[in-house]
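S.K.: My structure is in input03.pdb, and what it holds is PDB, C-alpha atoms:
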ATOM      1  CA  MET E   1      11.577  12.840 -10.804
ATOM      2  CA  ALA E   2      13.759  10.650 -13.047
ATOM      3  CA  GLY E   3      16.200   8.495 -11.118
ATOM      4  CA  ALA E   4      14.829   9.608  -7.770
ATOM      5  CA  ASP E   5      14.906   7.228  -4.818
ATOM      6  CA  VAL E   6      12.209   7.411  -2.151
ATOM      7  CA  ILE E   7      12.847   6.545   1.506
ATOM      8  CA  ILE E   8       9.962   5.642   3.776
ATOM      9  CA  VAL E   9      10.622   5.702   7.524
ATOM     10  CA  CYS E  10       8.562   2.842   8.945
ATOM     11  CA  GLU E  11       7.898   2.037  12.590
ATOM     12  CA  ALA E  12       7.869  -1.207  14.555
ATOM     13  CA  GLY E  13       8.051  -2.151  18.188
ATOM     14  CA  LYS E  14       6.967  -0.838  21.551
ATOM     15  CA  GLY E  15       5.304   2.549  21.468
ATOM     16  CA  GLN E  16       5.516   2.879  17.699
ATOM     17  CA  THR E  17       2.697   3.200  15.190
ATOM     18  CA  GLU E  18       2.884   0.397  12.656
ATOM     19  CA  ALA E  19      -0.480   1.470  11.211
ATOM     20  CA  ALA E  20       1.374   4.220   9.320
ATOM     21  CA  ASN E  21       3.480   1.731   7.350
ATOM     22  CA  THR E  22       0.731   0.731   4.917
ATOM     23  CA  ARG E  23       0.129   4.311   3.832
ATOM     24  CA  LEU E  24       3.862   4.982   3.487
ATOM     25  CA  ILE E  25       4.314   1.949   1.245
ATOM     26  CA  ALA E  26       1.308   2.874  -0.909
ATOM     27  CA  ILE E  27       2.447   6.473  -1.451
ATOM     28  CA  GLY E  28       6.071   5.382  -1.888
ATOM     29  CA  GLU E  29       5.040   2.951  -4.615
ATOM     30  CA  GLU E  30       3.007   5.656  -6.312
ATOM     31  CA  LEU E  31       6.036   7.958  -6.395
ATOM     32  CA  THR E  32       8.478   5.334  -7.644
ATOM     33  CA  ARG E  33       6.109   4.325 -10.454
ATOM     34  CA  HIS E  34       6.753   7.757 -11.953
ATOM     35  CA  CYS E  35      10.518   7.543 -11.817
ATOM     36  CA  SER E  36      13.319   5.043 -12.290
ATOM     37  CA  GLY E  37      14.401   5.157  -8.645
ATOM     38  CA  ARG E  38      14.064   2.635  -5.845
ATOM     39  CA  LEU E  39      11.713   2.398  -2.892
ATOM     40  CA  LEU E  40      13.785   2.112   0.267
ATOM     41  CA  CYS E  41      12.707   1.646   3.871
ATOM     42  CA  LEU E  42      14.405   2.746   7.079
ATOM     43  CA  LEU E  43      13.409   0.669  10.102
ATOM     44  CA  ALA E  44      14.932   1.437  13.510
ATOM     45  CA  GLY E  45      14.181  -0.426  16.726
ATOM     46  CA  HIS E  46      15.127  -3.549  18.656
ATOM     47  CA  ASP E  47      14.411  -7.198  17.746
ATOM     48  CA  ILE E  48      12.714  -6.091  14.528
ATOM     49  CA  GLY E  49      14.018  -8.781  12.174
ATOM     50  CA  THR E  50      10.557 -10.238  11.545
ATOM     51  CA  LYS E  51       9.077  -6.844  10.663
ATOM     52  CA  ALA E  52      12.055  -6.078   8.404
ATOM     53  CA  ALA E  53      11.502  -9.336   6.484
ATOM     54  CA  GLU E  54       7.812  -8.513   6.117
ATOM     55  CA  LEU E  55       8.520  -5.020   4.804
ATOM     56  CA  SER E  56      11.118  -6.352   2.339
ATOM     57  CA  ARG E  57       8.257  -7.908   0.360
ATOM     58  CA  HIS E  58       7.022  -4.404  -0.472
ATOM     59  CA  VAL E  59      10.224  -2.400  -1.053
ATOM     60  CA  ASP E  60      13.537  -2.733  -2.862
ATOM     61  CA  GLU E  61      15.632  -2.555   0.290
ATOM     62  CA  VAL E  62      15.068  -2.355   4.040
ATOM     63  CA  CYS E  63      17.833  -0.586   5.954
ATOM     64  CA  VAL E  64      17.641  -1.940   9.500
ATOM     65  CA  ALA E  65      19.113  -0.276  12.579
ATOM     66  CA  ASP E  66      18.642  -2.816  15.375
ATOM     67  CA  SER E  67      19.955  -1.996  18.830
ATOM     68  CA  PRO E  68      18.798  -2.016  22.476
ATOM     69  CA  LEU E  69      19.444   1.730  22.336
ATOM     70  CA  LEU E  70      16.496   1.965  19.925
ATOM     71  CA  ALA E  71      14.039  -0.142  21.917
ATOM     72  CA  ASN E  72      12.287   3.129  22.762
ATOM     73  CA  TYR E  73      12.191   6.174  20.525
ATOM     74  CA  ASN E  74      15.381   8.136  21.088
ATOM     75  CA  PRO E  75      15.271  11.472  19.214
ATOM     76  CA  GLU E  76      19.028  11.883  18.904
ATOM     77  CA  ALA E  77      19.772   8.268  18.000
ATOM     78  CA  HIS E  78      16.965   8.066  15.425
ATOM     79  CA  LEU E  79      17.978  11.427  13.973
ATOM     80  CA  LYS E  80      21.593  10.332  13.575
ATOM     81  CA  ILE E  81      20.535   7.156  11.745
ATOM     82  CA  ALA E  82      18.100   8.952   9.441
ATOM     83  CA  GLN E  83      20.554  11.726   8.622
ATOM     84  CA  THR E  84      23.365   9.267   7.857
ATOM     85  CA  LEU E  85      21.172   7.224   5.524
ATOM     86  CA  VAL E  86      19.760  10.250   3.708
ATOM     87  CA  GLU E  87      23.214  11.738   3.197
ATOM     88  CA  GLU E  88      24.435   8.376   1.856
ATOM     89  CA  LEU E  89      21.568   7.718  -0.560
ATOM     90  CA  GLN E  90      20.593  11.295  -1.529
ATOM     91  CA  PRO E  91      16.892  10.462  -2.065
ATOM     92  CA  ARG E  92      14.402  12.747  -3.723
ATOM     93  CA  VAL E  93      11.723  12.213  -1.081
ATOM     94  CA  VAL E  94      11.671  11.073   2.562
ATOM     95  CA  LEU E  95       8.268  10.033   3.904
ATOM     96  CA  PHE E  96       7.264   9.728   7.566
ATOM     97  CA  GLY E  97       3.951   8.796   9.105
ATOM     98  CA  HIS E  98       2.186  11.680  10.855
ATOM     99  CA  THR E  99       2.694   9.950  14.197
ATOM    100  CA  PHE E 100       4.289  11.287  17.368
ATOM    101  CA  ILE E 101       7.629   9.960  16.090
ATOM    102  CA  GLY E 102       7.175  11.359  12.591
ATOM    103  CA  MET E 103       6.041  14.747  13.897
ATOM    104  CA  ASP E 104       9.154  14.941  16.079
ATOM    105  CA  LEU E 105      11.759  13.372  13.797
ATOM    106  CA  ALA E 106      10.819  14.877  10.406
ATOM    107  CA  PRO E 107      11.419  18.540  11.377
ATOM    108  CA  ARG E 108      14.619  17.569  13.215
ATOM    109  CA  LEU E 109      15.922  15.912  10.049
ATOM    110  CA  ALA E 110      14.810  18.825   7.876
ATOM    111  CA  SER E 111      16.632  21.269  10.147
ATOM    112  CA  ARG E 112      19.848  19.229  10.025
ATOM    113  CA  LEU E 113      19.694  19.077   6.236
ATOM    114  CA  GLY E 114      18.716  22.714   5.808
ATOM    115  CA  VAL E 115      15.440  22.004   4.011
ATOM    116  CA  GLY E 116      11.744  22.417   4.755
ATOM    117  CA  VAL E 117       9.079  19.904   5.728
ATOM    118  CA  ALA E 118       5.429  19.488   4.726
ATOM    119  CA  SER E 119       3.453  18.000   7.623
ATOM    120  CA  ASN E 120       0.121  16.206   7.903
ATOM    121  CA  CYS E 121      -0.247  15.651   4.140
ATOM    122  CA  PHE E 122      -3.090  13.527   2.819
ATOM    123  CA  ASP E 123      -2.396  13.291  -0.920
ATOM    124  CA  VAL E 124       0.423  13.403  -3.450
ATOM    125  CA  ARG E 125       0.122  14.744  -6.996
ATOM    126  CA  ILE E 126       2.484  14.318  -9.909
ATOM    127  CA  GLU E 127       1.910  16.497 -12.960
ATOM    128  CA  ASN E 128       4.472  16.650 -15.761
ATOM    129  CA  ASP E 129       7.153  15.352 -13.386
ATOM    130  CA  ALA E 130       6.316  18.130 -10.877
ATOM    131  CA  LEU E 131       5.677  16.771  -7.391
ATOM    132  CA  SER E 132       3.299  18.364  -4.895
ATOM    133  CA  PHE E 133       1.537  17.395  -1.689
ATOM    134  CA  MET E 134      -1.858  18.359  -0.317
ATOM    135  CA  ARG E 135      -2.264  19.304   3.338
ATOM    136  CA  PRO E 136      -5.085  20.872   5.383
ATOM    137  CA  MET E 137      -4.820  24.330   6.884
ATOM    138  CA  TYR E 138      -6.902  26.311   9.378
ATOM    139  CA  ARG E 139      -8.275  23.139  11.012
ATOM    140  CA  GLY E 140      -9.192  21.659   7.660
ATOM    141  CA  ARG E 141     -11.152  24.607   6.327
ATOM    142  CA  ILE E 142      -8.941  24.821   3.255
ATOM    143  CA  ASN E 143      -6.489  22.488   1.542
ATOM    144  CA  ALA E 144      -3.104  23.805   0.494
ATOM    145  CA  ARG E 145      -1.020  22.491  -2.396
ATOM    146  CA  VAL E 146       2.619  22.413  -1.303
ATOM    147  CA  VAL E 147       5.400  22.462  -3.889
ATOM    148  CA  MET E 148       9.028  22.153  -2.768
ATOM    149  CA  ASP E 149      11.966  22.612  -5.103
ATOM    150  CA  PHE E 150      14.736  21.446  -2.773
ATOM    151  CA  ARG E 151      16.135  17.990  -2.157
ATOM    152  CA  PRO E 152      15.201  15.949  -0.268
ATOM    153  CA  ILE E 153      11.515  16.673   0.112
ATOM    154  CA  ILE E 154      10.503  15.670   3.647
ATOM    155  CA  VAL E 155       6.851  14.891   4.319
ATOM    156  CA  THR E 156       4.693  13.443   7.095
ATOM    157  CA  LEU E 157       1.621  11.564   5.854
ATOM    158  CA  GLN E 158      -1.705  11.068   7.556
ATOM    159  CA  LEU E 159      -2.595   7.551   8.623
ATOM    160  CA  GLY E 160      -5.328   5.507   6.997
ATOM    161  CA  GLY E 161      -7.024   5.731   3.631
ATOM    162  CA  ALA E 162      -4.714   3.244   1.877
ATOM    163  CA  GLU E 163      -5.330  -0.249   0.598
ATOM    164  CA  PRO E 164      -2.991  -2.967   1.872
ATOM    165  CA  PRO E 165      -0.139  -3.139  -0.643
ATOM    166  CA  ALA E 166       0.526  -6.301  -2.597
ATOM    167  CA  ALA E 167       3.643  -8.202  -1.576
ATOM    168  CA  GLY E 168       5.172  -8.187  -5.043
ATOM    169  CA  ARG E 169       8.823  -7.389  -4.412
ATOM    170  CA  ALA E 170      11.792  -9.358  -3.151
ATOM    171  CA  GLY E 171      13.755  -6.615  -1.478
ATOM    172  CA  THR E 172      16.972  -7.085   0.413
ATOM    173  CA  VAL E 173      17.569  -6.406   4.094
ATOM    174  CA  ARG E 174      20.692  -4.435   4.980
ATOM    175  CA  ARG E 175      21.808  -3.837   8.536
ATOM    176  CA  ILE E 176      23.263  -0.418   9.230
ATOM    177  CA  ASP E 177      25.518   0.533  12.109
ATOM    178  CA  VAL E 178      23.892   2.573  14.852
ATOM    179  CA  GLY E 179      27.131   3.680  16.491
ATOM    180  CA  PRO E 180      27.334   5.639  19.742
ATOM    181  CA  VAL E 181      25.165   8.642  20.467
ATOM    182  CA  GLU E 182      27.619  10.924  22.206
ATOM    183  CA  ASN E 183      26.637  13.549  24.755
ATOM    184  CA  ALA E 184      22.968  12.725  24.420
ATOM    185  CA  LYS E 185      20.881  15.563  25.810
ATOM    186  CA  ILE E 186      17.622  13.648  25.565
ATOM    187  CA  LYS E 187      17.144  10.231  27.135
ATOM    188  CA  PRO E 188      13.845   8.353  27.096
ATOM    189  CA  LEU E 189      12.702   7.317  30.552
ATOM    190  CA  ARG E 190       9.748   5.136  29.639
ATOM    191  CA  THR E 191       7.047   4.744  27.024
ATOM    192  CA  ILE E 192       3.442   5.090  28.149
ATOM    193  CA  GLU E 193       1.323   3.171  25.679
ATOM    194  CA  PRO E 194      -2.446   3.632  25.330
ATOM    195  CA  ALA E 195      -4.610   0.822  26.580
ATOM    196  CA  PRO E 196      -5.187  -1.695  23.758
ATOM    197  CA  THR E 197      -8.699  -1.561  22.328
ATOM    198  CA  GLY E 198      -8.481  -4.359  19.775
ATOM    199  CA  ILE E 199     -10.001  -1.954  17.231
ATOM    200  CA  ASP E 200      -8.254  -0.320  14.297
ATOM    201  CA  ILE E 201     -10.814   1.971  12.717
ATOM    202  CA  ALA E 202      -8.392   2.968   9.944
ATOM    203  CA  LYS E 203      -8.475  -0.580   8.532
ATOM    204  CA  ALA E 204     -12.200  -1.302   8.952
ATOM    205  CA  ASP E 205     -14.496  -1.765   5.944
ATOM    206  CA  ILE E 206     -17.519  -0.571   7.943
ATOM    207  CA  VAL E 207     -17.410   2.247  10.493
ATOM    208  CA  VAL E 208     -20.365   3.465  12.570
ATOM    209  CA  ALA E 209     -19.551   6.728  14.350
ATOM    210  CA  GLY E 210     -21.417   8.624  17.029
ATOM    211  CA  GLY E 211     -21.223  12.313  17.805
ATOM    212  CA  ARG E 212     -22.502  14.843  20.296
ATOM    213  CA  GLY E 213     -26.032  14.238  19.059
ATOM    214  CA  ILE E 214     -26.232  10.863  20.825
ATOM    215  CA  GLY E 215     -26.849  12.774  24.071
ATOM    216  CA  GLU E 216     -25.850  10.639  27.031
ATOM    217  CA  LYS E 217     -22.837   8.330  27.108
ATOM    218  CA  GLN E 218     -24.995   5.241  27.591
ATOM    219  CA  ASN E 219     -26.679   5.993  24.254
ATOM    220  CA  PHE E 220     -23.419   5.123  22.504
ATOM    221  CA  THR E 221     -24.521   1.511  22.992
ATOM    222  CA  LEU E 222     -26.856   2.115  20.055
ATOM    223  CA  VAL E 223     -23.904   2.971  17.835
ATOM    224  CA  ALA E 224     -21.911  -0.045  19.034
ATOM    225  CA  GLU E 225     -24.829  -2.427  18.466
ATOM    226  CA  LEU E 226     -25.364  -1.194  14.919
ATOM    227  CA  ALA E 227     -21.656  -1.571  14.204
ATOM    228  CA  GLU E 228     -21.723  -5.135  15.566
ATOM    229  CA  ALA E 229     -24.801  -6.037  13.513
ATOM    230  CA  LEU E 230     -23.098  -4.797  10.347
ATOM    231  CA  GLY E 231     -19.785  -6.463  11.148
ATOM    232  CA  GLY E 232     -18.065  -3.101  11.517
ATOM    233  CA  VAL E 233     -16.404  -1.097  14.258
ATOM    234  CA  PRO E 234     -17.698   1.798  16.391
ATOM    235  CA  ALA E 235     -16.018   5.196  16.281
ATOM    236  CA  CYS E 236     -16.716   8.752  17.419
ATOM    237  CA  SER E 237     -16.189  12.409  16.628
ATOM    238  CA  ARG E 238     -13.899  14.724  18.576
ATOM    239  CA  PRO E 239     -16.446  16.078  21.101
ATOM    240  CA  LEU E 240     -16.803  12.624  22.665
ATOM    241  CA  VAL E 241     -13.023  12.410  23.050
ATOM    242  CA  ASP E 242     -12.894  15.911  24.522
ATOM    243  CA  MET E 243     -15.505  14.860  27.082
ATOM    244  CA  GLY E 244     -13.300  11.942  28.078
ATOM    245  CA  TRP E 245     -15.643   9.214  26.864
ATOM    246  CA  PHE E 246     -13.145   7.662  24.460
ATOM    247  CA  GLY E 247      -9.491   7.861  23.469
ATOM    248  CA  THR E 248      -8.187   9.164  20.155
ATOM    249  CA  SER E 249      -7.943   5.598  18.822
ATOM    250  CA  HIS E 250     -11.740   5.798  18.361
ATOM    251  CA  GLN E 251     -11.752   9.306  16.895
ATOM    252  CA  VAL E 252     -12.374  10.122  13.251
ATOM    253  CA  GLY E 253     -11.137  13.517  12.091
ATOM    254  CA  LEU E 254      -8.201  15.777  11.469
ATOM    255  CA  SER E 255      -6.831  15.329  14.986
ATOM    256  CA  GLY E 256      -7.766  11.644  15.111
ATOM    257  CA  ASN E 257      -7.839   9.006  12.374
ATOM    258  CA  THR E 258      -8.446   9.207   8.661
ATOM    259  CA  VAL E 259     -10.733   6.412   7.483
ATOM    260  CA  LYS E 260     -11.802   5.258   4.049
ATOM    261  CA  PRO E 261     -14.250   2.382   4.622
ATOM    262  CA  LYS E 262     -16.721   0.911   2.185
ATOM    263  CA  LEU E 263     -19.533   2.132   4.466
ATOM    264  CA  TYR E 264     -19.476   5.013   6.958
ATOM    265  CA  ILE E 265     -22.534   5.766   9.086
ATOM    266  CA  ALA E 266     -22.509   9.060  11.006
ATOM    267  CA  CYS E 267     -24.960   9.116  13.915
ATOM    268  CA  GLY E 268     -25.606  12.485  15.525
ATOM    269  CA  ILE E 269     -22.543  14.074  13.929
ATOM    270  CA  SER E 270     -23.112  17.603  12.632
ATOM    271  CA  GLY E 271     -20.206  17.479  10.180
ATOM    272  CA  ALA E 272     -17.634  20.004  11.318
ATOM    273  CA  VAL E 273     -14.785  20.484   8.861
ATOM    274  CA  GLU E 274     -12.395  18.743  11.263
ATOM    275  CA  HIS E 275     -14.523  15.589  11.160
ATOM    276  CA  LEU E 276     -15.320  15.678   7.442
ATOM    277  CA  HIS E 277     -11.627  15.751   6.674
ATOM    278  CA  GLY E 278     -11.201  12.329   8.271
ATOM    279  CA  MET E 279     -14.034  10.455   6.497
ATOM    280  CA  LYS E 280     -15.097  12.264   3.334
ATOM    281  CA  GLU E 281     -13.339   9.720   1.078
ATOM    282  CA  SER E 282     -15.491   6.844   2.368
ATOM    283  CA  LYS E 283     -17.103   4.917  -0.491
ATOM    284  CA  THR E 284     -20.651   5.212   0.886
ATOM    285  CA  ILE E 285     -21.631   7.726   3.581
ATOM    286  CA  VAL E 286     -24.916   7.543   5.490
ATOM    287  CA  ALA E 287     -25.829  10.410   7.818
ATOM    288  CA  ILE E 288     -28.466  10.311  10.572
ATOM    289  CA  ASN E 289     -29.174  13.692  12.145
ATOM    290  CA  LYS E 290     -32.237  15.583  13.358
ATOM    291  CA  ASP E 291     -30.961  18.856  11.861
ATOM    292  CA  PRO E 292     -31.759  18.912   8.114
ATOM    293  CA  ASP E 293     -29.187  21.684   7.624
ATOM    294  CA  ALA E 294     -26.303  19.794   9.242
ATOM    295  CA  PRO E 295     -23.142  20.051   7.103
ATOM    296  CA  ILE E 296     -22.756  16.247   7.189
ATOM    297  CA  PHE E 297     -25.566  15.965   4.634
ATOM    298  CA  LYS E 298     -23.446  17.818   2.063
ATOM    299  CA  VAL E 299     -21.025  14.895   1.820
ATOM    300  CA  ALA E 300     -23.468  12.068   2.573
ATOM    301  CA  HIS E 301     -24.708   9.773  -0.184
ATOM    302  CA  TYR E 302     -27.774   8.931   1.886
ATOM    303  CA  GLY E 303     -29.316  11.019   4.650
ATOM    304  CA  VAL E 304     -31.958  10.359   7.302
ATOM    305  CA  VAL E 305     -33.438  13.315   9.169
ATOM    306  CA  GLY E 306     -34.738  12.342  12.574
ATOM    307  CA  ASP E 307     -33.971  11.249  16.123
ATOM    308  CA  LEU E 308     -31.115   8.765  16.061
ATOM    309  CA  ASN E 309     -32.340   7.236  19.334
ATOM    310  CA  GLU E 310     -35.370   6.008  17.378
ATOM    311  CA  ILE E 311     -33.810   5.414  13.962
ATOM    312  CA  VAL E 312     -30.626   3.557  14.931
ATOM    313  CA  PRO E 313     -32.354   0.790  16.967
ATOM    314  CA  GLN E 314     -34.813   0.243  14.101
ATOM    315  CA  LEU E 315     -31.947   0.050  11.634
ATOM    316  CA  THR E 316     -30.114  -2.430  13.867
ATOM    317  CA  ARG E 317     -33.202  -4.649  14.078
ATOM    318  CA  GLU E 318     -33.603  -4.576  10.291
ATOM    319  CA  VAL E 319     -29.963  -5.488   9.753
ATOM    320  CA  ARG E 320     -30.191  -8.403  12.178
ATOM    321  CA  ALA E 321     -33.411  -9.596  10.588
ATOM    322  CA  VAL E 322     -31.908  -9.536   7.106
ATOM    323  CA  ARG E 323     -28.792 -11.325   8.271
ATOM    324  CA  GLY E 324     -30.773 -13.849  10.253
ATOM    325  CA  GLY E 325     -28.869 -13.221  13.459
ATOM    326  CA  LYS E 326     -25.549 -14.194  11.861
ATOM    327  CA  ASP E 327     -22.276 -12.618  12.910
ATOM    328  CA  PRO E 328     -21.056 -11.078   9.606
ATOM    329  CA  ARG E 329     -17.484 -11.019  10.895
ATOM    330  CA  ARG E 330     -17.478 -14.830  10.979
ATOM    331  CA  GLU E 331     -18.942 -15.351   7.542
ATOM    332  CA  THR E 332     -16.704 -16.548   4.744
TER     333      THR E 332
END
Could you express the structure from this file as structure tokens?

M.R.:
Amino acid sequence: MAGADVIIVCEAGKGQTEAANTRLIAIGEELTRHCSGRLLCLLAGHDIGTKAAELSRHVDEVCVADSPLLANYNPEAHLKIAQTLVEELQPRVVLFGHTFIGMDLAPRLASRLGVGVASNCFDVRIENDALSFMRPMYRGRINARVVMDFRPIIVTLQLGGAEPPAAGRAGTVRRIDVGPVENAKIKPLRTIEPAPTGIDIAKADIVVAGGRGIGEKQNFTLVAELAEALGGVPACSRPLVDMGWFGTSHQVGLSGNTVKPKLYIACGISGAVEHLHGMKESKTIVAINKDPDAPIFKVAHYGVVGDLNEIVPQLTREVRAVRGGKDPRRET
């Protein structure tokens, strides 16, 4: 790892997932602490000067490709920029977020460079200068340790589960030339963004999630009220998304969001492997389920066996009584 630069490919702008940037910075810093290389950032988009300046406080250099051509994700334009920068800097590692852009761009870049890619990784390990990444397989039933001996190592990282990085660097911002994208075979027509929810469960300190065990959709109000009383955010497991009740922005799990809050309360969630993968690193896990053999109890620190439709309202009343009706989100 000695002398190895790390490039993180951050996102900013319309249709892009800025939530991935925090995790990329955190893992990038972890890698560069074990080598004498630099932490570099590639940021491509349009009118992204403010975001570039913000990111420069966390990295040694931000390489900015700013053009109207990049206002929307353009696979061929973004690939050309990434390939040019990687060939110029010869980094040891290139990190992407496991977003729709990262999942599309990372394998394209790997193919152009003639290397492999490790996707959907959730952890990095460095042992005696050997670098490896952990990723789930078979819908999260097992975790695989991936070791790659080529350069560069290209990885997509799961979102969430990272503390906000300290702004301790004074990196430079360097503009790079986009240039023409000749004979483009792919042209973006428009970006369809999900409806804003105002909730980012990956950043929340308290998450209260409901699963299939809540029964009817209107019963999810119980989950939302408990989350509000605690000053947290409501979330759900995959079955509720599959039934069309919520979008994936609310979903915790392998195919949704990875969360690492201080408190995670699972209401009526059995604990399928896919869900456990997205919340098992929470600091304190409380499970409420009427099935005493539910797998969720194997990872929970505290468990309550019973009907959530009776337990959750009681818990909400107790929380409100203790807090005296205060809104914990407004407390200082």

S.K.: Return the single residue from E:Val147, E:Asn257, E:Ile288, E:Lys283 that is closest to Gly211 in chain E, with distances computed using all atoms listed in the file.

M.R.: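 Looking only at the distances to Gly211 in chain E, the closest residue turns out to be E:Ile288.
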
S.K.: The residues within 6 Å of (7.0, 8.4, 8.5), using all atoms listed in the file and the coordinates of the file, should be reported as a compact mmCIF listing (two decimals) with C-alpha atoms, in the frame of the given file; which are they?

M.R.:
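Final output, result_11.txt:
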# COMPACT_ATOMS: atom_id res chain seq x y z
CA VAL E 9 10.62 5.70 7.52
CA CYS E 10 8.56 2.84 8.94
CA LEU E 95 8.27 10.03 3.90
CA PHE E 96 7.26 9.73 7.57
CA GLY E 97 3.95 8.80 9.10
CA GLY E 102 7.18 11.36 12.59
CA THR E 156 4.69 13.44 7.10

S.K.: Can you list, as an MDAnalysis selection string, every protein, DNA or RNA residue that comes within 12 Å of Arg151 in chain E when you count only C-alpha atoms, leaving out same-chain residues fewer than 2 positions away?

M.R.: chainID E and resid 1 4:6 86:87 89:94 110 113:117 131 147:149 153:155

S.K.: Work out how far CA of Val322 in chain E is from CA of Met279 in chain E, in Å to one decimal.

M.R.: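 Taking CA of Met279 in chain E as the start and CA of Val322 in chain E as the end point, the length is 26.8 Å.
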
S.K.: Hey, which of E:Gly213, E:Pro152, E:Pro136, E:Pro295 ends up closest to Leu109 in chain E? Count all atoms listed in the file.

M.R.: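 Looking at the shortest contact to Leu109 in chain E, the residue is E:Pro152.
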
S.K.: Expand the PyMOL selection byres ((chain E and resi 130) around 12) into the explicit residue set it covers here, and present it as JSON, numbers by chain.

M.R.: {"E": [1, 2, 31, 34, 35, 124, 125, 126, 127, 128, 129, 131, 132, 133, 146, 147, 148, 149]}

S.K.: Using only C-alpha atoms, please write the residues we just selected to a file, as a PDB file, in the coordinates of the input.

M.R.:
ATOM      1  CA  MET E   1      11.577  12.840 -10.804  1.00  0.00           C
ATOM      2  CA  ALA E   2      13.759  10.650 -13.047  1.00  0.00           C
ATOM      3  CA  LEU E  31       6.036   7.958  -6.395  1.00  0.00           C
ATOM      4  CA  HIS E  34       6.753   7.757 -11.953  1.00  0.00           C
ATOM      5  CA  CYS E  35      10.518   7.543 -11.817  1.00  0.00           C
ATOM      6  CA  VAL E 124       0.423  13.403  -3.450  1.00  0.00           C
ATOM      7  CA  ARG E 125       0.122  14.744  -6.996  1.00  0.00           C
ATOM      8  CA  ILE E 126       2.484  14.318  -9.909  1.00  0.00           C
ATOM      9  CA  GLU E 127       1.910  16.497 -12.960  1.00  0.00           C
ATOM     10  CA  ASN E 128       4.472  16.650 -15.761  1.00  0.00           C
ATOM     11  CA  ASP E 129       7.153  15.352 -13.386  1.00  0.00           C
ATOM     12  CA  LEU E 131       5.677  16.771  -7.391  1.00  0.00           C
ATOM     13  CA  SER E 132       3.299  18.364  -4.895  1.00  0.00           C
ATOM     14  CA  PHE E 133       1.537  17.395  -1.689  1.00  0.00           C
ATOM     15  CA  VAL E 146       2.619  22.413  -1.303  1.00  0.00           C
ATOM     16  CA  VAL E 147       5.400  22.462  -3.889  1.00  0.00           C
ATOM     17  CA  MET E 148       9.028  22.153  -2.768  1.00  0.00           C
ATOM     18  CA  ASP E 149      11.966  22.612  -5.103  1.00  0.00           C
TER      19      ASP E 149
END

S.K.: What would the selection look like, as a ChimeraX atom specification, if the PyMOL selection byres ((chain E and resi 17) around 12) were run on the coordinates I just shared?

M.R.: /E:9-16,18-24,73,96-102,158-160,193-194,200,249

S.K.: Let me see the file: selected residues, C-alpha atoms, as a short mmCIF file (atom, residue, chain, number, x, y, z; two decimals), in the coordinates of the input.

M.R.:
data_model
loop_
_atom_site.label_atom_id
_atom_site.label_comp_id
_atom_site.auth_asym_id
_atom_site.auth_seq_id
_atom_site.Cartn_x
_atom_site.Cartn_y
_atom_site.Cartn_z
CA VAL E 9 10.62 5.70 7.52
CA CYS E 10 8.56 2.84 8.94
CA GLU E 11 7.90 2.04 12.59
CA ALA E 12 7.87 -1.21 14.56
CA GLY E 13 8.05 -2.15 18.19
CA LYS E 14 6.97 -0.84 21.55
CA GLY E 15 5.30 2.55 21.47
CA GLN E 16 5.52 2.88 17.70
CA GLU E 18 2.88 0.40 12.66
CA ALA E 19 -0.48 1.47 11.21
CA ALA E 20 1.37 4.22 9.32
CA ASN E 21 3.48 1.73 7.35
CA THR E 22 0.73 0.73 4.92
CA ARG E 23 0.13 4.31 3.83
CA LEU E 24 3.86 4.98 3.49
CA TYR E 73 12.19 6.17 20.52
CA PHE E 96 7.26 9.73 7.57
CA GLY E 97 3.95 8.80 9.10
CA HIS E 98 2.19 11.68 10.86
CA THR E 99 2.69 9.95 14.20
CA PHE E 100 4.29 11.29 17.37
CA ILE E 101 7.63 9.96 16.09
CA GLY E 102 7.18 11.36 12.59
CA GLN E 158 -1.70 11.07 7.56
CA LEU E 159 -2.60 7.55 8.62
CA GLY E 160 -5.33 5.51 7.00
CA GLU E 193 1.32 3.17 25.68
CA PRO E 194 -2.45 3.63 25.33
CA ASP E 200 -8.25 -0.32 14.30
CA SER E 249 -7.94 5.60 18.82
#

S.K.: Please complete range 275-281 of chain E so it has N, CA and C atoms, and hand it over as a PDB file, keeping the file's coordinate frame.

M.R.:
ATOM      1  N   HIS E 275     -14.065  16.976  11.277  1.00  0.00           N
ATOM      2  CA  HIS E 275     -14.523  15.589  11.160  1.00  0.00           C
ATOM      3  C   HIS E 275     -14.617  15.160   9.691  1.00  0.00           C
ATOM      4  N   LEU E 276     -15.162  16.020   8.859  1.00  0.00           N
ATOM      5  CA  LEU E 276     -15.320  15.678   7.442  1.00  0.00           C
ATOM      6  C   LEU E 276     -13.987  15.323   6.808  1.00  0.00           C
ATOM      7  N   HIS E 277     -12.949  15.994   7.243  1.00  0.00           N
ATOM      8  CA  HIS E 277     -11.627  15.751   6.674  1.00  0.00           C
ATOM      9  C   HIS E 277     -11.191  14.305   6.881  1.00  0.00           C
ATOM     10  N   GLY E 278     -11.652  13.674   7.958  1.00  0.00           N
ATOM     11  CA  GLY E 278     -11.201  12.329   8.271  1.00  0.00           C
ATOM     12  C   GLY E 278     -12.035  11.215   7.675  1.00  0.00           C
ATOM     13  N   MET E 279     -13.179  11.535   7.003  1.00  0.00           N
ATOM     14  CA  MET E 279     -14.034  10.455   6.497  1.00  0.00           C
ATOM     15  C   MET E 279     -14.666  10.734   5.142  1.00  0.00           C
ATOM     16  N   LYS E 280     -14.390  11.875   4.548  1.00  0.00           N
ATOM     17  CA  LYS E 280     -15.097  12.264   3.334  1.00  0.00           C
ATOM     18  C   LYS E 280     -14.777  11.393   2.124  1.00  0.00           C
ATOM     19  N   GLU E 281     -13.684  10.597   2.198  1.00  0.00           N
ATOM     20  CA  GLU E 281     -13.339   9.720   1.078  1.00  0.00           C
ATOM     21  C   GLU E 281     -13.946   8.325   1.231  1.00  0.00           C
TER      22      GLU E 281
END
